[in-house]
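Chemist: For reference, this is my_file_17.txt, and it has compact mmCIF, C-alpha atoms.
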# COMPACT_ATOMS: atom_id res chain seq x y z
CA MET A 1 -205.04 32.34 73.00
CA ILE A 2 -201.44 33.18 73.87
CA GLU A 3 -199.56 35.19 71.23
CA LEU A 4 -195.96 36.18 70.66
CA THR A 5 -195.75 38.74 67.85
CA ASP A 6 -192.73 40.25 66.07
CA ILE A 7 -190.31 39.44 68.88
CA CYS A 8 -186.81 40.89 68.48
CA PHE A 9 -184.43 39.84 71.22
CA GLY A 10 -180.73 39.91 72.01
CA TYR A 11 -178.31 40.12 74.90
CA GLU A 12 -176.22 43.22 75.63
CA GLU A 13 -173.45 43.84 73.10
CA GLY A 14 -174.40 40.68 71.21
CA GLU A 15 -176.19 39.81 67.99
CA ASP A 16 -179.95 39.36 67.95
CA VAL A 17 -181.06 35.89 69.05
CA PHE A 18 -184.51 36.37 67.49
CA SER A 19 -185.76 38.62 64.72
CA SER A 20 -189.50 39.06 64.06
CA LEU A 21 -190.32 35.79 65.84
CA SER A 22 -194.05 35.03 66.19
CA LEU A 23 -196.00 32.18 67.77
CA ASN A 24 -199.62 31.40 68.62
CA VAL A 25 -200.44 28.88 71.36
CA GLU A 26 -204.07 27.81 71.26
CA LYS A 27 -206.02 26.28 74.11
CA ASN A 28 -205.59 22.50 74.50
CA ASN A 29 -203.06 22.43 71.65
CA PRO A 30 -199.58 21.66 73.07
CA VAL A 31 -196.65 23.13 71.12
CA LEU A 32 -193.20 21.60 70.60
CA ILE A 33 -190.18 23.76 69.67
CA LEU A 34 -186.98 22.06 68.54
CA ALA A 35 -183.49 23.55 68.17
CA ASP A 36 -179.85 22.61 68.53
CA PRO A 37 -177.93 23.94 71.56
CA SER A 38 -177.27 27.71 71.55
CA CYS A 39 -180.09 28.40 69.06
CA GLY A 40 -182.26 30.18 71.62
CA LYS A 41 -184.63 27.70 73.31
CA THR A 42 -183.77 28.78 76.84
CA SER A 43 -183.61 32.44 75.75
CA LEU A 44 -187.17 32.10 74.46
CA ALA A 45 -188.28 30.75 77.84
CA ARG A 46 -186.43 33.51 79.70
CA LEU A 47 -187.98 36.31 77.68
CA MET A 48 -191.46 34.88 78.27
CA ILE A 49 -191.07 34.51 82.04
CA GLY A 50 -189.32 37.90 82.30
CA SER A 51 -185.87 36.88 83.60
CA ALA A 52 -184.08 37.84 80.36
CA THR A 53 -184.67 41.57 80.78
CA LYS A 54 -184.58 41.56 84.60
CA TYR A 55 -181.34 39.63 85.11
CA PHE A 56 -179.51 39.37 81.77
CA GLY A 57 -179.73 42.93 80.43
CA ALA A 58 -181.47 41.79 77.25
CA ARG A 59 -182.88 43.92 74.43
CA LEU A 60 -186.50 43.06 73.73
CA SER A 61 -189.29 44.36 71.53
CA GLY A 62 -192.59 42.97 70.25
CA ASN A 63 -195.78 41.77 71.91
CA PHE A 64 -196.63 38.93 74.27
CA ARG A 65 -200.32 38.65 75.09
CA TYR A 66 -202.69 36.31 76.88
CA ASP A 67 -206.15 37.23 75.58
CA ASP A 68 -206.32 41.00 76.29
CA ILE A 69 -203.46 41.02 78.83
CA ASP A 70 -200.07 42.49 77.85
CA LEU A 71 -197.70 40.09 79.61
CA PHE A 72 -194.57 42.16 78.88
CA SER A 73 -196.05 44.95 80.99
CA ILE A 74 -196.31 42.67 84.06
CA ASP A 75 -193.37 42.37 86.46
CA MET A 76 -191.62 38.99 86.53
CA ASP A 77 -192.79 38.18 90.07
CA LYS A 78 -196.44 38.60 89.08
CA ARG A 79 -196.03 37.22 85.58
CA LYS A 80 -195.42 33.72 86.96
CA ASN A 81 -199.17 33.50 87.52
CA TYR A 82 -199.51 33.55 83.73
CA VAL A 83 -196.33 31.87 82.51
CA ALA A 84 -193.69 29.75 84.28
CA ARG A 85 -191.16 27.13 83.27
CA SER A 86 -189.47 23.99 84.46
CA ALA A 87 -185.80 24.98 84.12
CA GLN A 88 -183.37 22.86 82.14
CA SER A 89 -180.89 22.65 85.03
CA THR A 90 -182.65 21.22 88.07
CA ASP A 91 -179.62 21.85 90.29
CA GLU A 92 -179.99 25.58 89.67
CA SER A 93 -183.76 25.71 90.11
CA ILE A 94 -184.15 23.67 93.32
CA ILE A 95 -183.59 25.96 96.33
CA MET A 96 -185.21 24.37 99.40
CA PRO A 97 -183.63 21.69 101.65
CA THR A 98 -186.35 19.02 101.39
CA VAL A 99 -188.75 17.75 98.73
CA ALA A 100 -191.86 18.87 100.61
CA ASP A 101 -190.35 22.30 101.32
CA GLU A 102 -189.59 22.84 97.62
CA ILE A 103 -193.17 22.16 96.50
CA ALA A 104 -194.74 23.91 99.50
CA PHE A 105 -192.70 27.07 98.83
CA ALA A 106 -194.33 27.40 95.41
CA LEU A 107 -197.76 26.64 96.84
CA GLU A 108 -197.35 29.32 99.51
CA GLU A 109 -196.82 31.90 96.77
CA ARG A 110 -200.43 31.22 95.70
CA ASN A 111 -201.73 32.23 99.15
CA LEU A 112 -203.66 29.00 99.59
CA LYS A 113 -205.40 28.23 102.84
CA ARG A 114 -203.42 25.80 104.97
CA ASP A 115 -205.81 22.84 104.46
CA ASP A 116 -205.85 23.46 100.70
CA LEU A 117 -202.05 23.75 100.64
CA VAL A 118 -201.61 20.45 102.49
CA GLU A 119 -204.08 18.72 100.17
CA GLU A 120 -202.40 20.06 97.03
CA LEU A 121 -198.95 19.11 98.35
CA LYS A 122 -200.12 15.53 98.89
CA ARG A 123 -201.65 15.41 95.41
CA LEU A 124 -198.43 16.56 93.74
CA LEU A 125 -196.26 14.18 95.75
CA VAL A 126 -198.46 11.28 94.60
CA LEU A 127 -198.70 12.53 91.00
CA TYR A 128 -194.92 12.62 90.61
CA ASP A 129 -194.25 9.54 92.78
CA LEU A 130 -192.34 11.55 95.38
CA GLU A 131 -194.41 10.81 98.49
CA LYS A 132 -191.79 8.44 99.95
CA TYR A 133 -189.19 11.22 99.60
CA GLU A 134 -191.38 13.91 101.18
CA ASP A 135 -188.87 14.61 103.98
CA ALA A 136 -185.75 13.65 102.02
CA GLU A 137 -183.05 16.21 101.33
CA THR A 138 -183.22 17.41 97.73
CA SER A 139 -179.45 16.92 97.37
CA GLU A 140 -179.94 13.15 97.89
CA LEU A 141 -182.24 12.70 94.89
CA SER A 142 -181.19 11.13 91.62
CA GLY A 143 -181.21 13.21 88.44
CA GLY A 144 -184.58 11.83 87.37
CA GLU A 145 -186.09 12.39 90.81
CA LYS A 146 -184.87 16.00 90.77
CA ARG A 147 -186.51 16.40 87.37
CA ARG A 148 -189.82 15.12 88.74
CA LEU A 149 -189.50 17.49 91.70
CA SER A 150 -188.93 20.39 89.31
CA LEU A 151 -192.05 19.40 87.38
CA ALA A 152 -194.08 19.07 90.58
CA THR A 153 -192.95 22.57 91.57
CA LEU A 154 -194.08 23.94 88.20
CA ASP A 155 -197.47 22.35 88.80
CA ALA A 156 -197.52 23.98 92.23
CA VAL A 157 -197.03 27.41 90.60
CA ASN A 158 -199.98 26.54 88.30
CA PRO A 159 -199.52 29.20 85.57
CA ARG A 160 -201.74 29.60 82.53
CA LEU A 161 -198.83 28.72 80.22
CA PHE A 162 -196.48 25.87 81.19
CA ILE A 163 -193.01 25.91 79.62
CA TYR A 164 -191.12 22.61 79.72
CA ASP A 165 -187.44 23.37 78.98
CA GLU A 166 -185.76 20.04 78.11
CA ALA A 167 -188.06 18.51 80.74
CA PHE A 168 -187.81 14.99 79.27
CA ASP A 169 -184.06 14.82 79.97
CA GLU A 170 -183.11 12.45 82.81
CA LEU A 171 -186.57 10.87 82.83
CA SER A 172 -186.96 7.13 82.24
CA LEU A 173 -189.09 5.80 79.37
CA TYR A 174 -191.96 5.26 81.79
CA TRP A 175 -191.80 8.82 83.10
CA ARG A 176 -191.46 10.34 79.64
CA LYS A 177 -194.81 8.79 78.77
CA ARG A 178 -196.27 9.88 82.12
CA LEU A 179 -195.13 13.45 81.50
CA LEU A 180 -196.92 13.50 78.15
CA GLU A 181 -200.11 12.44 79.93
CA ILE A 182 -199.64 15.31 82.39
CA ILE A 183 -198.95 17.84 79.60
CA ARG A 184 -202.09 16.72 77.77
CA LYS A 185 -204.19 18.06 80.66
CA LYS A 186 -202.66 21.56 80.53
CA GLU A 187 -204.66 24.20 78.66
CA TYR A 188 -201.52 25.96 77.35
CA SER A 189 -198.06 24.41 77.10
CA ILE A 190 -194.78 24.73 75.20
CA THR A 191 -192.11 22.03 75.23
CA LEU A 192 -188.53 22.96 74.30
CA SER A 193 -186.24 20.15 73.16
CA SER A 194 -182.89 19.62 71.45
CA HIS A 195 -184.19 16.71 69.39
CA TYR A 196 -187.35 14.93 68.36
CA LEU A 197 -187.91 12.05 70.74
CA LYS A 198 -189.74 8.95 69.58
CA GLU A 199 -192.32 9.56 72.34
CA PHE A 200 -193.32 12.87 70.72
CA GLU A 201 -194.78 11.15 67.65
CA GLY A 202 -198.41 12.17 67.12
CA PHE A 203 -198.70 14.06 70.41
CA TYR A 204 -198.10 17.76 69.70
CA SER A 205 -200.61 19.87 67.80
CA ALA A 206 -197.90 22.08 66.35
CA VAL A 207 -194.15 21.47 65.97
CA TYR A 208 -191.68 24.26 65.17
CA GLU A 209 -187.95 24.64 64.90
CA ILE A 210 -185.76 27.70 65.35
CA LYS A 211 -184.15 28.69 62.04
CA ASP A 212 -182.61 32.00 61.02
CA LYS A 213 -183.73 33.58 64.31
CA LYS A 214 -187.39 32.73 63.66
CA LEU A 215 -189.85 29.94 64.37
CA VAL A 216 -190.73 27.89 61.29
CA PRO A 217 -192.81 24.71 60.91
CA TYR A 218 -190.68 21.65 61.65
CA GLU A 219 -189.67 19.62 58.63
CA LYS A 220 -189.79 16.05 59.80
CA LYS A 221 -186.51 14.24 59.26
CA ASP A 222 -185.71 10.55 59.06
CA ILE A 223 -183.95 10.15 62.40
CA SER A 224 -181.79 7.08 62.29
CA PHE A 225 -178.31 6.19 63.44
CA SER A 226 -176.31 3.11 64.23
CA PHE A 227 -173.60 2.53 66.77
CA CYS A 228 -170.11 1.42 65.92
CA VAL A 229 -169.72 -0.30 69.26
CA LYS A 230 -166.88 -2.72 68.80
CA LYS A 231 -163.27 -2.84 67.64
CA GLU A 232 -162.07 -6.37 67.03
CA SER A 233 -158.61 -5.55 68.42
CA SER A 234 -160.06 -4.68 71.85
CA TYR A 235 -159.21 -7.06 74.70
CA ASN A 236 -158.59 -4.89 77.75
CA ALA A 237 -161.50 -4.30 80.09
CA LEU A 238 -162.72 -2.71 83.29
CA SER A 239 -164.76 -5.21 85.30
CA ILE A 240 -167.09 -4.77 88.26
CA GLU A 241 -167.27 -7.94 90.34
CA ASN A 242 -169.71 -8.68 93.19
CA VAL A 243 -170.04 -5.02 94.13
CA LYS A 244 -172.60 -4.12 96.80
CA PHE A 245 -173.47 -0.71 98.19
CA SER A 246 -176.25 0.59 100.44
CA GLN A 247 -177.66 4.06 99.82
CA ILE A 248 -179.48 5.57 102.78
CA HIS A 249 -181.69 8.65 102.74
CA LYS A 250 -181.04 10.51 105.98
CA ALA A 251 -184.50 12.08 106.13
CA SER A 252 -186.55 9.72 104.00
CA LYS A 253 -189.61 7.92 105.25
CA ILE A 254 -188.06 4.77 103.86
CA LYS A 255 -184.81 3.67 105.46
CA LYS A 256 -183.02 2.77 102.23
CA GLU A 257 -183.53 3.98 98.70
CA PHE A 258 -181.95 0.85 97.29
CA ASP A 259 -179.22 -1.72 97.80
CA LEU A 260 -176.92 -1.80 94.79
CA ASP A 261 -175.95 -5.31 93.70
CA VAL A 262 -173.68 -5.78 90.66
CA ARG A 263 -172.40 -9.33 90.22
CA ASP A 264 -170.53 -9.05 86.92
CA MET A 265 -170.20 -6.14 84.49
CA LYS A 266 -167.54 -5.36 81.89
CA ILE A 267 -166.58 -2.24 79.95
CA LYS A 268 -164.16 -3.06 77.13
CA ARG A 269 -161.66 -0.71 75.54
CA GLY A 270 -162.77 0.61 72.16
CA GLU A 271 -166.40 -0.41 72.74
CA ILE A 272 -169.62 1.16 74.01
CA THR A 273 -171.54 -0.53 76.81
CA LEU A 274 -175.09 0.71 77.37
CA LEU A 275 -176.73 1.08 80.80
CA THR A 276 -180.44 1.82 81.26
CA GLY A 277 -182.89 1.72 84.15
CA GLU A 278 -185.65 3.62 85.92
CA ASN A 279 -184.98 6.86 87.75
CA GLY A 280 -183.40 6.16 91.13
CA SER A 281 -182.37 2.61 90.19
CA GLY A 282 -178.69 3.30 90.93
CA LYS A 283 -177.10 4.22 87.57
CA SER A 284 -175.34 7.35 88.80
CA THR A 285 -174.46 5.66 92.10
CA LEU A 286 -172.81 2.78 90.23
CA SER A 287 -170.94 5.32 88.08
CA LYS A 288 -169.61 7.07 91.18
CA ILE A 289 -168.40 3.74 92.57
CA ILE A 290 -166.65 2.87 89.29
CA VAL A 291 -164.88 6.22 89.22
CA GLY A 292 -163.99 6.11 92.93
CA LEU A 293 -166.27 8.86 94.26
CA ASN A 294 -168.30 6.38 96.34
CA LYS A 295 -166.78 3.50 98.28
CA GLU A 296 -168.35 0.10 97.66
CA ASP A 297 -169.31 -1.98 100.72
CA GLU A 298 -168.20 -5.22 99.08
CA GLY A 299 -166.63 -6.44 95.84
CA GLU A 300 -163.88 -5.29 93.52
CA ILE A 301 -163.24 -3.09 90.50
CA ARG A 302 -160.57 -4.53 88.22
CA ILE A 303 -158.75 -3.08 85.21
CA ASP A 304 -157.07 -5.67 82.98
CA GLY A 305 -157.54 -8.23 85.74
CA LYS A 306 -155.85 -6.14 88.46
CA SER A 307 -157.85 -4.95 91.46
CA ILE A 308 -157.73 -1.16 91.58
CA GLY A 309 -158.50 1.24 94.42
CA ALA A 310 -160.51 4.45 94.35
CA LYS A 311 -157.51 6.76 93.84
CA ASP A 312 -156.25 4.87 90.81
CA ARG A 313 -159.78 4.56 89.39
CA ARG A 314 -159.99 8.34 89.24
CA LYS A 315 -156.81 8.33 87.14
CA ASN A 316 -158.24 5.77 84.71
CA VAL A 317 -161.94 6.57 84.47
CA SER A 318 -163.60 9.84 83.47
CA TYR A 319 -167.14 10.55 84.59
CA LEU A 320 -169.18 13.19 82.75
CA PHE A 321 -172.00 14.21 85.09
CA GLN A 322 -175.56 14.76 83.91
CA ASN A 323 -175.18 18.46 84.73
CA PRO A 324 -171.98 19.77 83.08
CA PHE A 325 -171.87 22.97 85.13
CA ILE A 326 -171.04 20.93 88.25
CA GLN A 327 -167.68 20.13 86.68
CA LEU A 328 -166.94 23.51 85.08
CA TYR A 329 -165.53 26.24 87.31
CA CYS A 330 -163.15 28.44 85.28
CA PRO A 331 -164.20 31.77 83.66
CA THR A 332 -163.75 30.80 79.99
CA VAL A 333 -163.64 27.71 77.78
CA LEU A 334 -159.92 28.30 77.16
CA ASP A 335 -159.26 28.47 80.90
CA GLU A 336 -161.07 25.16 81.38
CA LEU A 337 -159.09 23.38 78.65
CA LYS A 338 -155.82 24.78 79.98
CA THR A 339 -156.44 23.02 83.29
CA VAL A 340 -155.87 19.68 81.54
CA SER A 341 -153.45 20.60 78.73
CA GLY A 342 -150.73 23.20 78.19
CA ASP A 343 -150.48 22.38 74.49
CA MET A 344 -152.29 25.14 72.56
CA LYS A 345 -152.25 23.05 69.38
CA ARG A 346 -154.18 20.26 71.11
CA ILE A 347 -156.53 22.77 72.73
CA GLU A 348 -157.31 24.42 69.39
CA GLU A 349 -157.87 20.99 67.83
CA ALA A 350 -160.33 20.08 70.63
CA SER A 351 -162.10 23.40 70.17
CA GLU A 352 -162.66 22.58 66.50
CA LEU A 353 -163.57 18.92 67.06
CA PHE A 354 -166.19 19.74 69.70
CA SER A 355 -167.38 23.03 68.13
CA ILE A 356 -166.77 25.14 71.23
CA PRO A 357 -165.60 28.80 71.35
CA LEU A 358 -162.34 29.23 73.26
CA ASP A 359 -163.25 32.81 74.20
CA GLY A 360 -166.74 31.81 75.42
CA TYR A 361 -167.62 32.49 79.05
CA ILE A 362 -168.71 29.28 80.81
CA GLN A 363 -171.73 30.81 82.56
CA GLU A 364 -172.98 32.23 79.25
CA LEU A 365 -172.93 28.85 77.48
CA SER A 366 -176.09 26.90 76.80
CA PHE A 367 -176.50 23.61 78.66
CA GLY A 368 -175.71 21.71 75.45
CA LYS A 369 -172.54 23.70 74.69
CA ALA A 370 -171.40 23.20 78.28
CA LYS A 371 -171.74 19.44 77.73
CA MET A 372 -169.50 19.72 74.67
CA VAL A 373 -166.89 21.61 76.75
CA GLN A 374 -167.15 18.87 79.37
CA ALA A 375 -166.57 16.23 76.67
CA ALA A 376 -163.58 18.16 75.26
CA ILE A 377 -161.91 18.35 78.69
CA PHE A 378 -162.03 14.60 79.26
CA TYR A 379 -161.04 13.98 75.64
CA LEU A 380 -157.82 15.89 76.33
CA LEU A 381 -157.25 13.93 79.54
CA GLU A 382 -157.10 10.69 77.49
CA ARG A 383 -158.18 8.33 80.23
CA PRO A 384 -158.77 4.76 79.03
CA TYR A 385 -162.41 4.60 80.25
CA THR A 386 -165.22 7.17 80.22
CA ILE A 387 -168.74 7.20 81.67
CA PHE A 388 -171.25 9.41 79.85
CA ASP A 389 -174.22 9.98 82.16
CA GLU A 390 -177.06 10.94 79.78
CA LEU A 391 -174.81 12.37 77.06
CA ASP A 392 -177.88 12.72 74.80
CA SER A 393 -179.49 15.23 77.16
CA ALA A 394 -179.67 18.77 75.66
CA ILE A 395 -177.53 18.01 72.60
CA SER A 396 -178.45 16.77 69.14
CA TYR A 397 -178.12 13.14 68.10
CA ASN A 398 -175.44 14.19 65.60
CA ASP A 399 -173.37 15.83 68.33
CA MET A 400 -173.80 12.79 70.56
CA MET A 401 -172.57 10.43 67.83
CA ARG A 402 -169.68 12.78 67.02
CA VAL A 403 -168.51 12.75 70.64
CA LEU A 404 -168.76 8.95 70.90
CA SER A 405 -166.85 8.52 67.62
CA LEU A 406 -164.01 10.77 68.77
CA TYR A 407 -163.62 8.78 71.98
CA LEU A 408 -163.78 5.41 70.21
CA LYS A 409 -161.01 6.51 67.83
CA LYS A 410 -158.82 6.84 70.92
CA ASN A 411 -159.73 3.26 71.96
CA VAL A 412 -161.62 4.48 75.02
CA GLY A 413 -163.98 2.08 76.77
CA ILE A 414 -167.35 3.83 77.08
CA LEU A 415 -170.24 3.30 79.49
CA LEU A 416 -173.20 5.18 78.01
CA ILE A 417 -176.17 5.80 80.33
CA SER A 418 -179.39 6.67 78.51
CA HIS A 419 -183.19 6.61 78.71
CA ASP A 420 -183.68 7.47 75.04
CA GLU A 421 -185.80 4.88 73.21
CA ARG A 422 -184.15 5.60 69.85
CA ILE A 423 -180.70 5.04 71.30
CA ILE A 424 -181.72 1.87 73.12
CA SER A 425 -183.41 0.37 70.03
CA ALA A 426 -180.49 1.29 67.71
CA PHE A 427 -177.85 -0.12 70.05
CA ASN A 428 -176.48 -3.56 69.15
CA GLY A 429 -173.70 -3.99 71.69
CA ILE A 430 -173.63 -5.21 75.31
CA ARG A 431 -176.55 -3.76 77.30
CA TYR A 432 -177.26 -3.75 81.00
CA SER A 433 -180.24 -2.59 83.00
CA LEU A 434 -180.52 -1.67 86.67
CA ASP A 435 -183.80 -2.64 88.36
CA LYS A 436 -184.06 -1.30 91.94
CA GLY A 437 -180.31 -1.58 92.32
CA THR A 438 -179.85 -5.05 90.81
CA LEU A 439 -177.94 -5.31 87.51
CA HIS A 440 -179.19 -7.49 84.65
CA GLU A 441 -177.55 -8.10 81.29
CA LEU A 442 -180.08 -7.66 78.47
Output the structure of this file as structure tokens.

Modeler:
Amino acid sequence: MIELTDICFGYEEGEDVFSSLSLNVEKNNPVLILADPSCGKTSLARLMIGSATKYFGARLSGNFRYDDIDLFSIDMDKRKNYVARSAQSTDESIIMPTVADEIAFALEERNLKRDDLVEELKRLLVLYDLEKYEDAETSELSGGEKRRLSLATLDAVNPRLFIYDEAFDELSLYWRKRLLEIIRKKEYSITLSSHYLKEFEGFYSAVYEIKDKKLVPYEKKDISFSFCVKKESSYNALSIENVKFSQIHKASKIKKEFDLDVRDMKIKRGEITLLTGENGSGKSTLSKIIVGLNKEDEGEIRIDGKSIGAKDRRKNVSYLFQNPFIQLYCPTVLDELKTVSGDMKRIEEASELFSIPLDGYIQELSFGKAKMVQAAIFYLLERPYTIFDELDSAISYNDMMRVLSLYLKKNVGILLISHDERIISAFNGIRYSLDKGTLHEL
């Protein structure tokens, strides 16, 4: 059994994050812990793996034991043999240039014999469907492929306790189900999530939520929402017509990852358009073409019937990346908002609307809070079209709906990219799906 007992934890000069927190993880009984952003999910993972005290100057007391072993007494570098996590931000956790190098680096830490290392590398590449990207540069992977690589690396570490920190984010419906099958085979596991996904139903042996700085049994809620996707007064639109684009992996064993082919797609002002598809199917690539970051090989992007080039697209379309920290570079939230508006009244209004602290330091924000800052910045920019690439990742459903509502009130045309089954089933507007680069209207 793995036991956390009477954990008190806080960062330097800050309030306690946890007070007398306790948790038992029994063998072959996966645990799910739910909490809104900034409630301590990642802090809980950090204190267990040892990075909180080593790198963040945290205060920590209590006990963390695996059978008769005191895990708090073991240095972080050695503790990974007992507990390790798949980090929420894959861009921060991936350090090697190629897919094979990333997995092999973790395997080498286990001092495996060369033949055993090669065999285990092949097994993990197949398990996570990464074998065709074995020699591909990690920077070329899609968000979902990076997530699978992060999970494969965690498997390569092979700890006693696996911690999955928002690991279902960026994964397609197929891969969310596959991940559950993989977790089922782990003796000890904890999954951390911002909301209760439909796929979780009936899987976890114990479900907790973080409340009042403690873990308490989760009180199941009726999770339901509906989309206000259309305003009858909306006529203007952004249209993608006969767009083609070839994506080539420089080091991949396959010459092309996909050929993007979009015959006809429309995003109307004041409406939400939904885009789904498997990992690596081209959703983010299409988004980058729409916003002018990638240049299409053929076809046109039109706004209100007028063909528009890449430079003007960037003035009309906002693109919120899957990882918010890629787009945040100033020291504080206030500094970030000042880059797009000099009106303190508007900045303070955005701070209240998006529940973000103006004096908060960007690098100290949770992933979910960083996404809300990202949403506030583009809200202040007031561009007529916005692409939300996996907005639901790491924030609550309530926060997601609040953000969408605020944008719709400004008559913004929204392209919402999501893998979430609840969102897809609740959506009653125009839906598209990308299948190996080819767009289909659903």

Chemist: Please list as number ranges by chain every residue within 9 Å of segment 149-156 of chain A, counting all atoms listed in the file and excluding residues in the same chain fewer than 6 positions away.

Modeler: A: 84-87, 90, 93-94, 99, 102-107, 110, 120-121, 124-125, 127-128, 130, 138, 162-164, 167, 179

Chemist: Within 8 Å of segment 265-281 of chain A, counting only C-alpha atoms, which residues qualify if same-chain residues fewer than 5 places away don't, as a PyMOL selection string?

Modeler: chain A and resi 141-145+170-174+228-231+234-241+257-258+384-385+408-419+424+427+429-437

Chemist: I'd like to know which of A:Thr53, A:Ser425, A:Thr339, A:Gln322 is closest to Ser287 of chain A, using only C-alpha atoms.

Modeler: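 Counting only C-alpha atoms, the residue closest to Ser287 of chain A is A:Gln322.
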
Chemist: Could you tell me how far atom CA of Ile33 of chain A lies from atom CA of Asp67 of chain A, in Å and to one decimal?

Modeler: 21.7 Å

Chemist: Rounded to one decimal place, report the atom CA of Phe321 of chain A-atom CA of Asp420 of chain A distance in Å.

Modeler: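 We find that atom CA of Phe321 of chain A and atom CA of Asp420 of chain A lie 16.8 Å from each other.
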
Chemist: Separation of atom CA of Met344 of chain A and atom CA of Gly360 of chain A, in Å?

Modeler: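 It comes out at 16.2 Å.
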
Chemist: List every protein, DNA or RNA residue that has at least one atom no more than 10 Å from (-187.3, 18.3, 66.3) in the file's coordinates, counting all atoms listed in the file, and write the result as a list in words.

Modeler: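 Every residue inside that radius is included here: Leu32, Ile33, Leu34, Ala35, Asp36, Leu192, Ser193, Ser194, His195, Tyr196, Leu197, Phe200, Val207, Tyr208, Glu209, Ile210, Tyr218, Glu219, Lys220, Lys221, Ile223 and Ser396 of chain A.
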
Chemist: Those same residues - C-alpha atoms - I'd like them written as a PDB file, in the frame of the given file.

Modeler:
ATOM      1  CA  LEU A  32    -193.200  21.600  70.600  1.00  0.00           C
ATOM      2  CA  ILE A  33    -190.180  23.760  69.670  1.00  0.00           C
ATOM      3  CA  LEU A  34    -186.980  22.060  68.540  1.00  0.00           C
ATOM      4  CA  ALA A  35    -183.490  23.550  68.170  1.00  0.00           C
ATOM      5  CA  ASP A  36    -179.850  22.610  68.530  1.00  0.00           C
ATOM      6  CA  LEU A 192    -188.530  22.960  74.300  1.00  0.00           C
ATOM      7  CA  SER A 193    -186.240  20.150  73.160  1.00  0.00           C
ATOM      8  CA  SER A 194    -182.890  19.620  71.450  1.00  0.00           C
ATOM      9  CA  HIS A 195    -184.190  16.710  69.390  1.00  0.00           C
ATOM     10  CA  TYR A 196    -187.350  14.930  68.360  1.00  0.00           C
ATOM     11  CA  LEU A 197    -187.910  12.050  70.740  1.00  0.00           C
ATOM     12  CA  PHE A 200    -193.320  12.870  70.720  1.00  0.00           C
ATOM     13  CA  VAL A 207    -194.150  21.470  65.970  1.00  0.00           C
ATOM     14  CA  TYR A 208    -191.680  24.260  65.170  1.00  0.00           C
ATOM     15  CA  GLU A 209    -187.950  24.640  64.900  1.00  0.00           C
ATOM     16  CA  ILE A 210    -185.760  27.700  65.350  1.00  0.00           C
ATOM     17  CA  TYR A 218    -190.680  21.650  61.650  1.00  0.00           C
ATOM     18  CA  GLU A 219    -189.670  19.620  58.630  1.00  0.00           C
ATOM     19  CA  LYS A 220    -189.790  16.050  59.800  1.00  0.00           C
ATOM     20  CA  LYS A 221    -186.510  14.240  59.260  1.00  0.00           C
ATOM     21  CA  ILE A 223    -183.950  10.150  62.400  1.00  0.00           C
ATOM     22  CA  SER A 396    -178.450  16.770  69.140  1.00  0.00           C
TER      23      SER A 396
END

Chemist: Return the single residue from A:Glu382, A:Glu300, A:Glu352, A:Asp77 that is closest to Val317 of chain A, with distances computed using all atoms listed in the file.

Modeler: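 Checking each of A:Glu382, A:Glu300, A:Glu352, A:Asp77 against Val317 of chain A, counting all atoms listed in the file, the winner is A:Glu382.
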
Chemist: Pick the closest to Val291 of chain A from A:Leu381, A:Leu44, A:Ile308, A:Ile182: which is it, counting only C-alpha atoms?

Modeler: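 Of the candidates, the smallest distance to Val291 of chain A is held by A:Ile308.
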
Chemist: Show which residues sit within 9 Å of Lys244 of chain A, as a list in words. Count all atoms listed in the file, and ignore same-chain residues fewer than 2 positions away.

Modeler: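 That gives Asn242, Ser246, Asp259, Leu260, Asp261, Val262, Arg263, Glu296, Asp297, Glu298 and Gly299 of chain A.
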
Chemist: Which residues, written as a ChimeraX atom specification, have at least one atom at most 10 Å from segment 332-334 of chain A, with all atoms listed in the file counted and residues fewer than 6 positions away on the same chain left out?

Modeler: /A:344,347-348,351,356-365,370,373-374,376-377

Chemist: Once you have the residues from the selection above, write them out as a compact mmCIF listing (two decimals), in the coordinates of the input, restricted to C-alpha atoms.

Modeler:
# COMPACT_ATOMS: atom_id res chain seq x y z
CA MET A 344 -152.29 25.14 72.56
CA ILE A 347 -156.53 22.77 72.73
CA GLU A 348 -157.31 24.42 69.39
CA SER A 351 -162.10 23.40 70.17
CA ILE A 356 -166.77 25.14 71.23
CA PRO A 357 -165.60 28.80 71.35
CA LEU A 358 -162.34 29.23 73.26
CA ASP A 359 -163.25 32.81 74.20
CA GLY A 360 -166.74 31.81 75.42
CA TYR A 361 -167.62 32.49 79.05
CA ILE A 362 -168.71 29.28 80.81
CA GLN A 363 -171.73 30.81 82.56
CA GLU A 364 -172.98 32.23 79.25
CA LEU A 365 -172.93 28.85 77.48
CA ALA A 370 -171.40 23.20 78.28
CA VAL A 373 -166.89 21.61 76.75
CA GLN A 374 -167.15 18.87 79.37
CA ALA A 376 -163.58 18.16 75.26
CA ILE A 377 -161.91 18.35 78.69

Chemist: Restricting the calculation to all atoms listed in the file, which member of A:Val31, A:Arg46, A:Lys80, A:Leu4 is positioned closest to Arg65 of chain A?

Modeler: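 Of the candidates, the smallest distance to Arg65 of chain A is held by A:Leu4.
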
Chemist: Between A:Tyr188, A:Trp175, A:Tyr55, A:Phe9, which one has atoms that come closest to Val83 of chain A, using only C-alpha atoms?

Modeler: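 So, comparing all the options, the nearest one is A:Tyr188.
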
Chemist: So which residues are close to (-204.1, 36.6, 72.3), meaning at most 9 Å away in the file's coordinates with all atoms listed in the file counted, and can you show them as a PyMOL selection string?

Modeler: chain A and resi 1-4+24-26+64-69
